[in-house]
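Text of final-v7.cif, listed as mmCIF, C-alpha atoms:
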```cif
data_query
#
loop_
_atom_site.group_PDB
_atom_site.id
_atom_site.type_symbol
_atom_site.label_atom_id
_atom_site.label_comp_id
_atom_site.auth_asym_id
_atom_site.auth_seq_id
_atom_site.Cartn_x
_atom_site.Cartn_y
_atom_site.Cartn_z
ATOM 1 C CA MET A 957 69.318 98.472 93.876
ATOM 2 C CA ALA A 958 72.554 96.475 93.701
ATOM 3 C CA GLU A 959 72.885 93.391 95.865
ATOM 4 C CA PRO A 960 75.243 94.007 98.802
ATOM 5 C CA LEU A 961 78.538 92.132 98.589
ATOM 6 C CA VAL A 962 79.722 90.370 101.754
ATOM 7 C CA HIS A 963 83.418 89.496 102.060
ATOM 8 C CA LEU A 964 84.077 86.386 104.203
ATOM 9 C CA PHE A 965 87.649 85.562 105.224
ATOM 10 C CA ASP A 966 88.782 81.960 105.604
ATOM 11 C CA SER A 967 91.027 83.182 108.388
ATOM 12 C CA HIS A 968 93.192 80.168 109.191
ATOM 13 C CA VAL A 969 94.502 80.041 105.628
ATOM 14 C CA TYR A 970 96.128 83.423 106.144
ATOM 15 C CA ILE A 971 97.147 82.855 109.759
ATOM 16 C CA PHE A 972 99.063 79.704 108.805
ATOM 17 C CA ARG A 973 100.557 81.370 105.754
ATOM 18 C CA ALA A 974 101.879 84.215 107.909
ATOM 19 C CA TRP A 975 103.197 81.746 110.478
ATOM 20 C CA VAL A 976 105.159 79.890 107.789
ATOM 21 C CA THR A 977 106.464 82.877 105.834
ATOM 22 C CA LEU A 978 107.097 85.690 108.311
ATOM 23 C CA PRO A 979 110.013 85.965 110.763
ATOM 24 C CA GLU A 980 109.320 85.415 114.427
ATOM 25 C CA MET A 981 107.953 88.349 116.401
ATOM 26 C CA ALA A 982 107.203 88.681 120.083
ATOM 27 C CA ALA A 983 105.184 91.047 122.242
ATOM 28 C CA PRO A 984 106.873 92.782 125.189
ATOM 29 C CA ASP A 985 105.631 89.947 127.428
ATOM 30 C CA GLY A 986 107.273 87.346 125.172
ATOM 31 C CA THR A 987 104.118 86.091 123.443
ATOM 32 C CA HIS A 988 104.738 85.078 119.835
ATOM 33 C CA THR A 989 102.842 87.397 117.502
ATOM 34 C CA GLY A 990 104.235 86.967 113.966
ATOM 35 C CA ALA A 991 101.293 84.992 112.560
ATOM 36 C CA ALA A 992 98.707 87.302 114.129
ATOM 37 C CA TYR A 993 100.643 90.345 112.920
ATOM 38 C CA GLY A 994 100.751 88.980 109.385
ATOM 39 C CA PHE A 995 97.037 88.223 109.518
ATOM 40 C CA ALA A 996 96.241 91.721 110.771
ATOM 41 C CA ASN A 997 98.323 93.180 107.950
ATOM 42 C CA THR A 998 96.478 91.021 105.431
ATOM 43 C CA LEU A 999 93.132 92.255 106.733
ATOM 44 C CA LEU A 1000 94.288 95.877 106.758
ATOM 45 C CA ARG A 1001 95.568 95.740 103.208
ATOM 46 C CA TYR A 1002 92.389 94.105 101.948
ATOM 47 C CA LEU A 1003 90.092 96.502 103.789
ATOM 48 C CA ASN A 1004 92.029 99.514 102.535
ATOM 49 C CA ASP A 1005 92.045 98.254 98.949
ATOM 50 C CA GLU A 1006 88.517 96.892 98.679
ATOM 51 C CA LYS A 1007 86.662 99.200 101.087
ATOM 52 C CA PRO A 1008 83.892 96.652 101.732
ATOM 53 C CA GLU A 1009 80.566 97.591 103.219
ATOM 54 C CA HIS A 1010 80.061 94.087 104.639
ATOM 55 C CA ALA A 1011 82.803 91.734 105.862
ATOM 56 C CA ALA A 1012 83.576 89.146 108.538
ATOM 57 C CA CYS A 1013 86.194 86.570 109.527
ATOM 58 C CA CYS A 1014 85.557 82.857 110.037
ATOM 59 C CA PHE A 1015 87.776 80.640 112.181
ATOM 60 C CA ASP A 1016 88.346 76.966 112.947
ATOM 61 C CA TYR A 1017 87.316 76.366 116.536
ATOM 62 C CA ALA A 1018 90.107 73.826 117.132
ATOM 63 C CA MET A 1019 92.536 71.537 115.312
ATOM 64 C CA THR A 1020 89.886 68.791 115.266
ATOM 65 C CA SER A 1021 86.204 68.692 114.325
ATOM 66 C CA PHE A 1022 83.349 66.233 113.958
ATOM 67 C CA ARG A 1023 85.170 64.875 110.898
ATOM 68 C CA ASN A 1024 87.819 63.307 113.127
ATOM 69 C CA GLU A 1025 85.090 61.278 114.829
ATOM 70 C CA VAL A 1026 83.846 60.046 111.458
ATOM 71 C CA PHE A 1027 87.349 59.423 110.072
ATOM 72 C CA PRO A 1028 90.154 59.495 112.677
ATOM 73 C CA ALA A 1029 92.861 59.862 110.010
ATOM 74 C CA TYR A 1030 91.385 63.193 108.874
ATOM 75 C CA LYS A 1031 94.203 65.797 108.916
ATOM 76 C CA SER A 1032 96.158 63.378 111.111
ATOM 77 C CA SER A 1033 99.511 64.477 109.682
ATOM 78 C CA ARG A 1034 98.971 67.877 111.285
ATOM 79 C CA GLY A 1035 98.663 66.359 114.750
ATOM 80 C CA ASP A 1036 96.227 67.246 117.511
ATOM 81 C CA GLU A 1037 98.475 69.775 119.202
ATOM 82 C CA VAL A 1038 99.007 73.310 117.947
ATOM 83 C CA PRO A 1039 102.699 74.346 117.889
ATOM 84 C CA PRO A 1040 103.412 76.241 121.139
ATOM 85 C CA ASP A 1041 104.483 79.423 119.352
ATOM 86 C CA LEU A 1042 101.304 79.411 117.230
ATOM 87 C CA ALA A 1043 98.716 78.388 119.842
ATOM 88 C CA PRO A 1044 98.211 81.811 121.483
ATOM 89 C CA GLN A 1045 98.092 83.595 118.148
ATOM 90 C CA PHE A 1046 94.657 82.374 117.108
ATOM 91 C CA ASP A 1047 93.075 84.401 119.905
ATOM 92 C CA LEU A 1048 95.286 87.358 118.964
ATOM 93 C CA ALA A 1049 94.089 87.032 115.361
ATOM 94 C CA LYS A 1050 90.490 87.123 116.578
ATOM 95 C CA ASP A 1051 91.343 90.197 118.664
ATOM 96 C CA ALA A 1052 92.754 91.803 115.521
ATOM 97 C CA SER A 1053 89.577 90.943 113.639
ATOM 98 C CA TRP A 1054 87.401 92.537 116.297
ATOM 99 C CA GLY A 1055 89.764 95.489 116.575
ATOM 100 C CA LEU A 1056 89.421 96.122 112.857
ATOM 101 C CA GLY A 1057 85.653 96.099 113.208
ATOM 102 C CA LEU A 1058 85.097 92.638 111.763
ATOM 103 C CA GLY A 1059 83.053 89.925 113.407
ATOM 104 C CA ALA A 1060 84.821 86.648 114.246
ATOM 105 C CA PHE A 1061 82.605 83.589 113.686
ATOM 106 C CA GLU A 1062 83.431 80.073 114.925
ATOM 107 C CA GLN A 1063 81.641 77.071 116.394
ATOM 108 C CA SER A 1064 82.799 74.135 118.498
ATOM 109 C CA GLY A 1065 83.043 70.870 116.559
ATOM 110 C CA PHE A 1066 83.108 72.566 113.156
ATOM 111 C CA GLU A 1067 85.634 74.091 110.803
ATOM 112 C CA ALA A 1068 85.742 77.541 109.279
ATOM 113 C CA ASP A 1069 84.583 75.976 105.982
ATOM 114 C CA ASP A 1070 81.321 74.939 107.645
ATOM 115 C CA VAL A 1071 80.846 78.331 109.265
ATOM 116 C CA ILE A 1072 81.411 79.993 105.893
ATOM 117 C CA GLY A 1073 78.990 77.631 104.153
ATOM 118 C CA THR A 1074 76.317 78.371 106.759
ATOM 119 C CA LEU A 1075 76.797 82.129 106.503
ATOM 120 C CA VAL A 1076 76.790 81.983 102.700
ATOM 121 C CA ASP A 1077 73.357 80.343 102.624
ATOM 122 C CA GLN A 1078 71.940 82.740 105.203
ATOM 123 C CA LEU A 1079 73.272 85.816 103.415
ATOM 124 C CA LEU A 1080 72.052 84.650 100.018
ATOM 125 C CA GLU A 1081 68.561 84.337 101.478
ATOM 126 C CA GLN A 1082 68.855 87.978 102.542
ATOM 127 C CA GLY A 1083 69.626 89.085 98.995
ATOM 128 C CA ALA A 1084 73.393 89.426 99.303
ATOM 129 C CA ARG A 1085 76.273 88.290 97.132
ATOM 130 C CA VAL A 1086 79.272 86.674 98.822
ATOM 131 C CA ARG A 1087 82.984 86.658 98.059
ATOM 132 C CA VAL A 1088 84.917 84.029 100.014
ATOM 133 C CA ILE A 1089 88.562 84.990 100.475
ATOM 134 C CA THR A 1090 90.469 81.702 100.503
ATOM 135 C CA SER A 1091 92.840 79.420 98.636
ATOM 136 C CA ASP A 1092 91.077 76.272 99.884
ATOM 137 C CA LYS A 1093 89.828 74.165 96.975
ATOM 138 C CA ASP A 1094 87.156 72.547 99.173
ATOM 139 C CA LEU A 1095 85.236 75.825 99.209
ATOM 140 C CA ALA A 1096 84.843 75.739 95.417
ATOM 141 C CA GLN A 1097 81.668 73.757 96.133
ATOM 142 C CA LEU A 1098 80.065 76.950 97.473
ATOM 143 C CA VAL A 1099 80.419 78.789 94.156
ATOM 144 C CA THR A 1100 77.059 79.352 92.477
ATOM 145 C CA GLU A 1101 76.143 79.203 88.817
ATOM 146 C CA ASP A 1102 74.462 82.601 88.983
ATOM 147 C CA GLY A 1103 77.667 84.308 90.105
ATOM 148 C CA ARG A 1104 76.350 85.334 93.506
ATOM 149 C CA VAL A 1105 79.043 83.336 95.324
ATOM 150 C CA THR A 1106 82.658 83.462 94.126
ATOM 151 C CA LEU A 1107 86.089 82.711 95.568
ATOM 152 C CA TYR A 1108 89.014 85.101 95.716
ATOM 153 C CA ASP A 1109 92.580 83.888 96.182
ATOM 154 C CA LEU A 1110 94.324 86.784 97.878
ATOM 155 C CA GLN A 1111 97.855 85.570 97.182
ATOM 156 C CA ARG A 1112 97.290 85.032 93.458
ATOM 157 C CA GLU A 1113 94.774 87.895 93.185
ATOM 158 C CA THR A 1114 92.415 85.679 91.195
ATOM 159 C CA HIS A 1115 88.634 85.372 91.240
ATOM 160 C CA MET A 1116 86.880 82.069 90.618
ATOM 161 C CA ASP A 1117 83.294 81.770 89.436
ATOM 162 C CA ALA A 1118 81.508 78.613 88.274
ATOM 163 C CA ASP A 1119 83.251 78.617 84.910
ATOM 164 C CA GLY A 1120 86.548 79.070 86.738
ATOM 165 C CA VAL A 1121 85.801 75.992 88.858
ATOM 166 C CA ARG A 1122 85.116 73.980 85.719
ATOM 167 C CA GLU A 1123 88.283 75.266 84.087
ATOM 168 C CA LYS A 1124 90.435 74.348 87.097
ATOM 169 C CA PHE A 1125 88.865 71.062 88.178
ATOM 170 C CA GLY A 1126 86.873 69.899 85.164
ATOM 171 C CA VAL A 1127 83.652 69.545 87.181
ATOM 172 C CA ASP A 1128 80.748 71.715 88.296
ATOM 173 C CA PRO A 1129 80.975 73.383 91.731
ATOM 174 C CA ALA A 1130 78.340 71.023 93.129
ATOM 175 C CA GLN A 1131 80.482 68.039 92.103
ATOM 176 C CA ILE A 1132 83.566 69.115 94.071
ATOM 177 C CA PRO A 1133 82.885 66.732 97.022
ATOM 178 C CA ASP A 1134 82.510 63.796 94.601
ATOM 179 C CA TYR A 1135 85.674 64.900 92.800
ATOM 180 C CA LEU A 1136 87.664 65.043 96.048
ATOM 181 C CA ALA A 1137 86.341 61.613 97.023
ATOM 182 C CA LEU A 1138 87.763 60.206 93.782
ATOM 183 C CA VAL A 1139 91.149 61.950 93.664
ATOM 184 C CA GLY A 1140 91.681 62.250 97.426
ATOM 185 C CA ASP A 1141 93.144 65.226 99.247
ATOM 186 C CA ALA A 1142 96.694 64.911 100.569
ATOM 187 C CA VAL A 1143 96.376 68.176 102.502
ATOM 188 C CA ASP A 1144 93.547 66.724 104.590
ATOM 189 C CA ASP A 1145 94.890 63.132 104.581
ATOM 190 C CA LEU A 1146 91.876 61.880 102.640
ATOM 191 C CA PRO A 1147 92.448 58.860 100.384
ATOM 192 C CA GLY A 1148 91.000 58.712 96.894
ATOM 193 C CA VAL A 1149 89.912 55.778 94.759
ATOM 194 C CA PRO A 1150 92.968 54.044 93.252
ATOM 195 C CA GLY A 1151 93.471 54.784 89.582
ATOM 196 C CA TYR A 1152 91.505 58.023 89.565
ATOM 197 C CA GLY A 1153 93.493 61.132 88.768
ATOM 198 C CA LYS A 1154 92.248 64.635 88.107
ATOM 199 C CA LYS A 1155 91.454 63.971 84.454
ATOM 200 C CA SER A 1156 89.799 60.569 84.867
ATOM 201 C CA ALA A 1157 87.742 61.812 87.840
ATOM 202 C CA ALA A 1158 86.484 64.781 85.824
ATOM 203 C CA ILE A 1159 85.613 62.576 82.829
ATOM 204 C CA ALA A 1160 83.819 60.028 85.020
ATOM 205 C CA LEU A 1161 81.772 62.694 86.795
ATOM 206 C CA GLY A 1162 81.036 64.408 83.491
ATOM 207 C CA ALA A 1163 79.664 61.142 82.150
ATOM 208 C CA PHE A 1164 77.887 59.777 85.225
ATOM 209 C CA GLY A 1165 77.216 62.821 87.408
ATOM 210 C CA SER A 1166 78.065 61.521 90.888
ATOM 211 C CA LEU A 1167 79.683 58.694 92.825
ATOM 212 C CA GLU A 1168 76.386 56.818 92.844
ATOM 213 C CA GLY A 1169 76.187 57.097 89.063
ATOM 214 C CA ILE A 1170 79.638 55.661 88.343
ATOM 215 C CA PRO A 1171 78.948 52.024 87.360
ATOM 216 C CA ASP A 1172 80.762 48.893 88.522
ATOM 217 C CA ASP A 1173 80.107 47.214 85.191
ATOM 218 C CA PRO A 1174 82.814 48.160 82.663
ATOM 219 C CA GLU A 1175 80.360 47.617 79.822
ATOM 220 C CA ALA A 1176 78.341 50.551 81.146
ATOM 221 C CA TRP A 1177 81.367 52.736 80.390
ATOM 222 C CA ALA A 1178 80.990 52.152 76.658
ATOM 223 C CA GLY A 1179 81.214 55.436 74.792
ATOM 224 C CA VAL A 1180 83.097 57.212 77.595
ATOM 225 C CA GLU A 1181 86.435 58.391 76.232
ATOM 226 C CA ILE A 1182 88.658 57.350 79.095
ATOM 227 C CA ARG A 1183 91.625 55.027 79.444
ATOM 228 C CA GLY A 1184 91.409 51.974 81.670
ATOM 229 C CA ALA A 1185 87.636 51.914 82.064
ATOM 230 C CA LYS A 1186 87.666 48.285 83.186
ATOM 231 C CA ARG A 1187 90.168 49.032 85.953
ATOM 232 C CA LEU A 1188 88.353 52.207 87.024
ATOM 233 C CA ALA A 1189 85.042 50.349 87.232
ATOM 234 C CA ALA A 1190 86.589 47.576 89.331
ATOM 235 C CA ASN A 1191 88.314 50.040 91.662
ATOM 236 C CA MET A 1192 85.074 51.968 92.111
ATOM 237 C CA ALA A 1193 83.241 48.775 93.005
ATOM 238 C CA GLU A 1194 85.893 47.900 95.590
ATOM 239 C CA HIS A 1195 86.216 51.358 97.138
ATOM 240 C CA ARG A 1196 82.704 52.772 96.750
ATOM 241 C CA GLU A 1197 81.901 52.686 100.475
ATOM 242 C CA GLN A 1198 85.125 54.517 101.295
ATOM 243 C CA ALA A 1199 84.473 57.077 98.567
ATOM 244 C CA LEU A 1200 81.022 57.837 99.939
ATOM 245 C CA LYS A 1201 82.516 58.406 103.396
ATOM 246 C CA ILE A 1202 85.228 60.684 101.993
ATOM 247 C CA ARG A 1203 82.598 62.675 100.118
ATOM 248 C CA GLU A 1204 80.756 63.175 103.403
ATOM 249 C CA LEU A 1205 83.939 64.545 104.963
ATOM 250 C CA ALA A 1206 84.619 66.798 101.969
ATOM 251 C CA THR A 1207 81.100 68.245 101.968
ATOM 252 C CA VAL A 1208 80.773 71.620 103.681
ATOM 253 C CA VAL A 1209 78.083 71.740 106.368
ATOM 254 C CA ARG A 1210 75.556 74.415 105.452
ATOM 255 C CA ALA A 1211 73.593 74.565 108.723
ATOM 256 C CA VAL A 1212 76.014 74.837 111.662
ATOM 257 C CA PRO A 1213 74.015 75.133 114.903
ATOM 258 C CA GLY A 1214 74.414 78.472 116.626
ATOM 259 C CA ILE A 1215 75.732 80.327 113.604
ATOM 260 C CA GLU A 1216 73.403 83.112 112.543
ATOM 261 C CA ALA A 1217 74.097 86.449 110.911
ATOM 262 C CA SER A 1218 72.086 89.202 109.316
ATOM 263 C CA LEU A 1219 73.467 91.729 106.884
ATOM 264 C CA GLU A 1220 73.528 94.179 109.771
ATOM 265 C CA ASP A 1221 75.713 91.761 111.774
ATOM 266 C CA VAL A 1222 78.373 91.756 109.058
ATOM 267 C CA ALA A 1223 78.182 95.441 108.141
ATOM 268 C CA TRP A 1224 81.624 97.036 108.271
ATOM 269 C CA SER A 1225 81.948 100.659 109.339
ATOM 270 C CA GLY A 1226 85.691 100.736 110.017
ATOM 271 C CA ALA A 1227 88.255 99.879 112.674
ATOM 272 C CA ASP A 1228 87.543 100.382 116.358
ATOM 273 C CA ARG A 1229 89.286 103.626 117.422
ATOM 274 C CA GLU A 1230 90.056 102.331 120.889
ATOM 275 C CA ARG A 1231 90.344 98.574 120.513
ATOM 276 C CA PHE A 1232 92.722 98.272 117.561
ATOM 277 C CA PRO A 1233 95.322 100.881 118.637
ATOM 278 C CA ALA A 1234 95.275 99.418 122.160
ATOM 279 C CA LEU A 1235 95.913 95.927 120.772
ATOM 280 C CA CYS A 1236 98.770 97.159 118.593
ATOM 281 C CA ASP A 1237 100.305 99.010 121.529
ATOM 282 C CA ARG A 1238 100.025 95.986 123.829
ATOM 283 C CA LEU A 1239 101.661 93.686 121.284
ATOM 284 C CA GLY A 1240 104.375 96.092 120.239
ATOM 285 C CA TRP A 1241 103.167 96.295 116.650
ATOM 286 C CA GLY A 1242 104.596 99.734 116.070
ATOM 287 C CA ARG A 1243 102.598 102.076 113.886
ATOM 288 C CA ILE A 1244 100.421 99.478 112.156
ATOM 289 C CA ALA A 1245 97.303 101.088 113.619
ATOM 290 C CA THR A 1246 98.014 104.274 111.697
ATOM 291 C CA ARG A 1247 97.562 102.366 108.453
ATOM 292 C CA ALA A 1248 93.828 101.918 108.966
ATOM 293 C CA GLU A 1249 92.084 104.202 106.512
ATOM 294 C CA LYS A 1250 88.545 103.877 107.825
ATOM 295 C CA TRP A 1251 87.470 104.168 111.457
ATOM 296 C CA ALA A 1252 84.116 103.403 112.998
#
```
Output the structure of this file as structure tokens.
Amino acid sequence: MAEPLVHLFDSHVYIFRAWVTLPEMAAPDGTHTGAAYGFANTLLRYLNDEKPEHAACCFDYAMTSFRNEVFPAYKSSRGDEVPPDLAPQFDLAKDASWGLGLGAFEQSGFEADDVIGTLVDQLLEQGARVRVITSDKDLAQLVTEDGRVTLYDLQRETHMDADGVREKFGVDPAQIPDYLALVGDAVDDLPGVPGYGKKSAAIALGAFGSLEGIPDDPEAWAGVEIRGAKRLAANMAEHREQALKIRELATVVRAVPGIEASLEDVAWSGADRERFPALCDRLGWGRIATRAEKWA
């Protein structure tokens, strides 16, 4: 019997993308709806094309998480306040998820990445395979060598397995947090170790395995084909403590309290015949509800 495939949406990626790319829309009561509408369309198109038997959406609970307590500068460029026209649309996006028959998972103090990581481990234990729909490079660390967990970039229509992670980043999936700690992540306002670029970080991790393995002594780099080994060793010695903290921030939590799901919880039988059309009617979304091809 084939292993069931569970499709998990990294929802905020597609909500923000719709907010940036689509023209403004408003419900009859004036509520902004463009981002939620775009997200609902994304879900509809995917569900119609892929016809999954198991699927769910995962959301950030808020703009901040426990990572901001550990490192206040984390995602600081985004600010603590959600833009006023976007703020009400997260709940509308969750309503769209429920209306389309998909569960909406979130947890206070954690990000969607952590919720996804927790669900991935639980579902693997139940004999499932998981496809994470995202363009977030952080989630590459969830990809498994046996192919049971892969990423799918909806915009580029590309799948990424373990070999794909190595081809793109030059490291194994499990090394992604170490890699991000070395090169930094401008999107999340995480600093890297000076001197380390994508290539040098991949070579260093290929030679030494992890942050702990990268030596301070330049002589220990003998035989490693990399430019500026002396400088890289000195920078690692100076910034090792910071790098370890950044790796902690870049590591997906795999046991978020309160997040539990069985295969039955994420089974998808179609859109809700009452809930989704009512939502579309309330928000003035025209005939979008008629595009659903499968109804519960």
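When the PyMOL selection byres ((chain A and resi 1041) around 10) is evaluated against the file, it yields Trp975, Glu980, Ala982, Thr987, His988, Thr989, Gly990, Ala991, Val1038, Pro1039, Pro1040, Leu1042, Ala1043, Pro1044 and Gln1045 of chain A.
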(request) Give the answer as one residue: which of A:Val1222, A:Val1143, A:Ala1206, A:Ala1178 has the shortest atom-to-atom distance to Phe965 in chain A, using all atoms listed in the file? (result)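 Selected residue with least distance to Phe965 in chain A: A:Val1222.
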(message) Excluding range 1230-1240 of chain A and its own-chain neighbours fewer than 5 positions away, which residues fall within 6 Å of it when counting all atoms listed in the file? Please give them as JSON, numbers by chain.
(response) {"A": [983, 1055, 1245]}
(request) With a distance cut-off of 9 Å and only C-alpha atoms, select the neighbouring residues of Ala1217 in chain A, excluding the residue or stretch itself and same-chain residues fewer than 3 positions from it, and output the selection as an MDAnalysis selection string. (result) chainID A and resid 1075 1078:1079 1220:1222
(request) Have a look at A:Leu1161, A:Ala1052, A:Val1208, A:Ala1029 and name the one nearest to Gln1097 in chain A; count all atoms listed in the file. (result) A:Val1208
(message) From (79.0, 80.4, 106.3), in the file's coordinates, out to 12 Å: which residues are reached, counting only C-alpha atoms? Answer as a PyMOL selection string.
(response) chain A and resi 962-966+1011-1016+1060-1063+1066-1080+1086-1088+1095+1098+1105+1208-1218+1222
Those residues with C-alpha atoms, as a PDB file, in the frame of the given file please?
```pdb
ATOM      1  CA  VAL A 962      79.722  90.370 101.754  1.00  0.00           C
ATOM      2  CA  HIS A 963      83.418  89.496 102.060  1.00  0.00           C
ATOM      3  CA  LEU A 964      84.077  86.386 104.203  1.00  0.00           C
ATOM      4  CA  PHE A 965      87.649  85.562 105.224  1.00  0.00           C
ATOM      5  CA  ASP A 966      88.782  81.960 105.604  1.00  0.00           C
ATOM      6  CA  ALA A1011      82.803  91.734 105.862  1.00  0.00           C
ATOM      7  CA  ALA A1012      83.576  89.146 108.538  1.00  0.00           C
ATOM      8  CA  CYS A1013      86.194  86.570 109.527  1.00  0.00           C
ATOM      9  CA  CYS A1014      85.557  82.857 110.037  1.00  0.00           C
ATOM     10  CA  PHE A1015      87.776  80.640 112.181  1.00  0.00           C
ATOM     11  CA  ASP A1016      88.346  76.966 112.947  1.00  0.00           C
ATOM     12  CA  ALA A1060      84.821  86.648 114.246  1.00  0.00           C
ATOM     13  CA  PHE A1061      82.605  83.589 113.686  1.00  0.00           C
ATOM     14  CA  GLU A1062      83.431  80.073 114.925  1.00  0.00           C
ATOM     15  CA  GLN A1063      81.641  77.071 116.394  1.00  0.00           C
ATOM     16  CA  PHE A1066      83.108  72.566 113.156  1.00  0.00           C
ATOM     17  CA  GLU A1067      85.634  74.091 110.803  1.00  0.00           C
ATOM     18  CA  ALA A1068      85.742  77.541 109.279  1.00  0.00           C
ATOM     19  CA  ASP A1069      84.583  75.976 105.982  1.00  0.00           C
ATOM     20  CA  ASP A1070      81.321  74.939 107.645  1.00  0.00           C
ATOM     21  CA  VAL A1071      80.846  78.331 109.265  1.00  0.00           C
ATOM     22  CA  ILE A1072      81.411  79.993 105.893  1.00  0.00           C
ATOM     23  CA  GLY A1073      78.990  77.631 104.153  1.00  0.00           C
ATOM     24  CA  THR A1074      76.317  78.371 106.759  1.00  0.00           C
ATOM     25  CA  LEU A1075      76.797  82.129 106.503  1.00  0.00           C
ATOM     26  CA  VAL A1076      76.790  81.983 102.700  1.00  0.00           C
ATOM     27  CA  ASP A1077      73.357  80.343 102.624  1.00  0.00           C
ATOM     28  CA  GLN A1078      71.940  82.740 105.203  1.00  0.00           C
ATOM     29  CA  LEU A1079      73.272  85.816 103.415  1.00  0.00           C
ATOM     30  CA  LEU A1080      72.052  84.650 100.018  1.00  0.00           C
ATOM     31  CA  VAL A1086      79.272  86.674  98.822  1.00  0.00           C
ATOM     32  CA  ARG A1087      82.984  86.658  98.059  1.00  0.00           C
ATOM     33  CA  VAL A1088      84.917  84.029 100.014  1.00  0.00           C
ATOM     34  CA  LEU A1095      85.236  75.825  99.209  1.00  0.00           C
ATOM     35  CA  LEU A1098      80.065  76.950  97.473  1.00  0.00           C
ATOM     36  CA  VAL A1105      79.043  83.336  95.324  1.00  0.00           C
ATOM     37  CA  VAL A1208      80.773  71.620 103.681  1.00  0.00           C
ATOM     38  CA  VAL A1209      78.083  71.740 106.368  1.00  0.00           C
ATOM     39  CA  ARG A1210      75.556  74.415 105.452  1.00  0.00           C
ATOM     40  CA  ALA A1211      73.593  74.565 108.723  1.00  0.00           C
ATOM     41  CA  VAL A1212      76.014  74.837 111.662  1.00  0.00           C
ATOM     42  CA  PRO A1213      74.015  75.133 114.903  1.00  0.00           C
ATOM     43  CA  GLY A1214      74.414  78.472 116.626  1.00  0.00           C
ATOM     44  CA  ILE A1215      75.732  80.327 113.604  1.00  0.00           C
ATOM     45  CA  GLU A1216      73.403  83.112 112.543  1.00  0.00           C
ATOM     46  CA  ALA A1217      74.097  86.449 110.911  1.00  0.00           C
ATOM     47  CA  SER A1218      72.086  89.202 109.316  1.00  0.00           C
ATOM     48  CA  VAL A1222      78.373  91.756 109.058  1.00  0.00           C
TER      49      VAL A1222
END
```
(request) Taking the file as shown, find all residues satisfying the PyMOL selection byres ((chain A and resi 1053) around 10) and write them as a list of chain:residue names. (result) A:Ser967, A:Ala992, A:Phe995, A:Ala996, A:Leu999, A:Leu1000, A:Ala1012, A:Cys1013, A:Cys1014, A:Asp1047, A:Leu1048, A:Ala1049, A:Lys1050, A:Asp1051, A:Ala1052, A:Trp1054, A:Gly1055, A:Leu1056, A:Gly1057, A:Leu1058, A:Gly1059, A:Ala1060, A:Ala1227, A:Phe1232
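Coordinates place CA of Asp1094 in chain A at a distance of 20.4 Å from CA of Arg1196 in chain A.
The space between CA of Arg1104 in chain A and CA of Arg1085 in chain A spans 4.7 Å.
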Please identify all polymer residues lying at most 7 Å from the point (89.1, 60.2, 94.8) (file coordinates), using only C-alpha atoms, and present the result as a compact mmCIF listing (two decimals) with C-alpha atoms, in the frame of the given file.
```
# COMPACT_ATOMS: atom_id res chain seq x y z
CA TYR A 1135 85.67 64.90 92.80
CA LEU A 1136 87.66 65.04 96.05
CA ALA A 1137 86.34 61.61 97.02
CA LEU A 1138 87.76 60.21 93.78
CA VAL A 1139 91.15 61.95 93.66
CA GLY A 1140 91.68 62.25 97.43
CA PRO A 1147 92.45 58.86 100.38
CA GLY A 1148 91.00 58.71 96.89
CA VAL A 1149 89.91 55.78 94.76
CA TYR A 1152 91.50 58.02 89.56
CA ALA A 1199 84.47 57.08 98.57
```
(request) Give me, please, the distance in Å between CA of Gly1151 in chain A and CA of Leu1188 in chain A, quoted to one decimal. (result)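 Answer for the CA of Gly1151 in chain A to CA of Leu1188 in chain A separation: 6.3 Å.
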(message) Please list as an MDAnalysis selection string every residue within 12 Å of Met1116 in chain A, counting all atoms listed in the file and excluding residues in the same chain fewer than 4 positions away.
(response) chainID A and resid 1087:1093 1095:1101 1103:1110 1112 1120:1125 1129
(request) Show which residues sit within 8 Å of Glu1009 in chain A, as a ChimeraX atom specification. Count all atoms listed in the file, and ignore same-chain residues fewer than 5 positions away. (result) /A:960-962,1223-1225
(message) So, with all atoms listed in the file as the atoms that count, which of A:Ser1033, A:Trp1177, A:Pro984, A:Pro1150 lies closest to Phe1164 in chain A?
(response) A:Trp1177
Picked residues, the PyMOL selection byres ((chain A and resi 1192) around 8), expected as a short mmCIF file (atom, residue, chain, number, x, y, z; two decimals) with C-alpha atoms, keeping the file's coordinate frame:
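Okay, part-v4.cif is ready:
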```
data_model
loop_
_atom_site.label_atom_id
_atom_site.label_comp_id
_atom_site.auth_asym_id
_atom_site.auth_seq_id
_atom_site.Cartn_x
_atom_site.Cartn_y
_atom_site.Cartn_z
CA VAL A 1149 89.91 55.78 94.76
CA ILE A 1170 79.64 55.66 88.34
CA PRO A 1171 78.95 52.02 87.36
CA ASP A 1172 80.76 48.89 88.52
CA LEU A 1188 88.35 52.21 87.02
CA ALA A 1189 85.04 50.35 87.23
CA ALA A 1190 86.59 47.58 89.33
CA ASN A 1191 88.31 50.04 91.66
CA ALA A 1193 83.24 48.78 93.00
CA GLU A 1194 85.89 47.90 95.59
CA HIS A 1195 86.22 51.36 97.14
CA ARG A 1196 82.70 52.77 96.75
#
```
(message) I'd like to know which of A:Ala1142, A:Leu1205, A:Ala958, A:Ile1159 is closest to Glu1181 in chain A, using all atoms listed in the file.
(response)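 For Glu1181 in chain A, the nearest of the candidates is A:Ile1159.
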Exercise on range 1166-1174 of chain A, axis-aligned box with 6 Å per side, report centre and edge lengths in Å to one decimal, as lines of an AutoDock Vina configuration file:
```
center_x = 79.5
center_y = 54.4
center_z = 87.8
size_x = 18.6
size_y = 26.3
size_z = 22.2
```
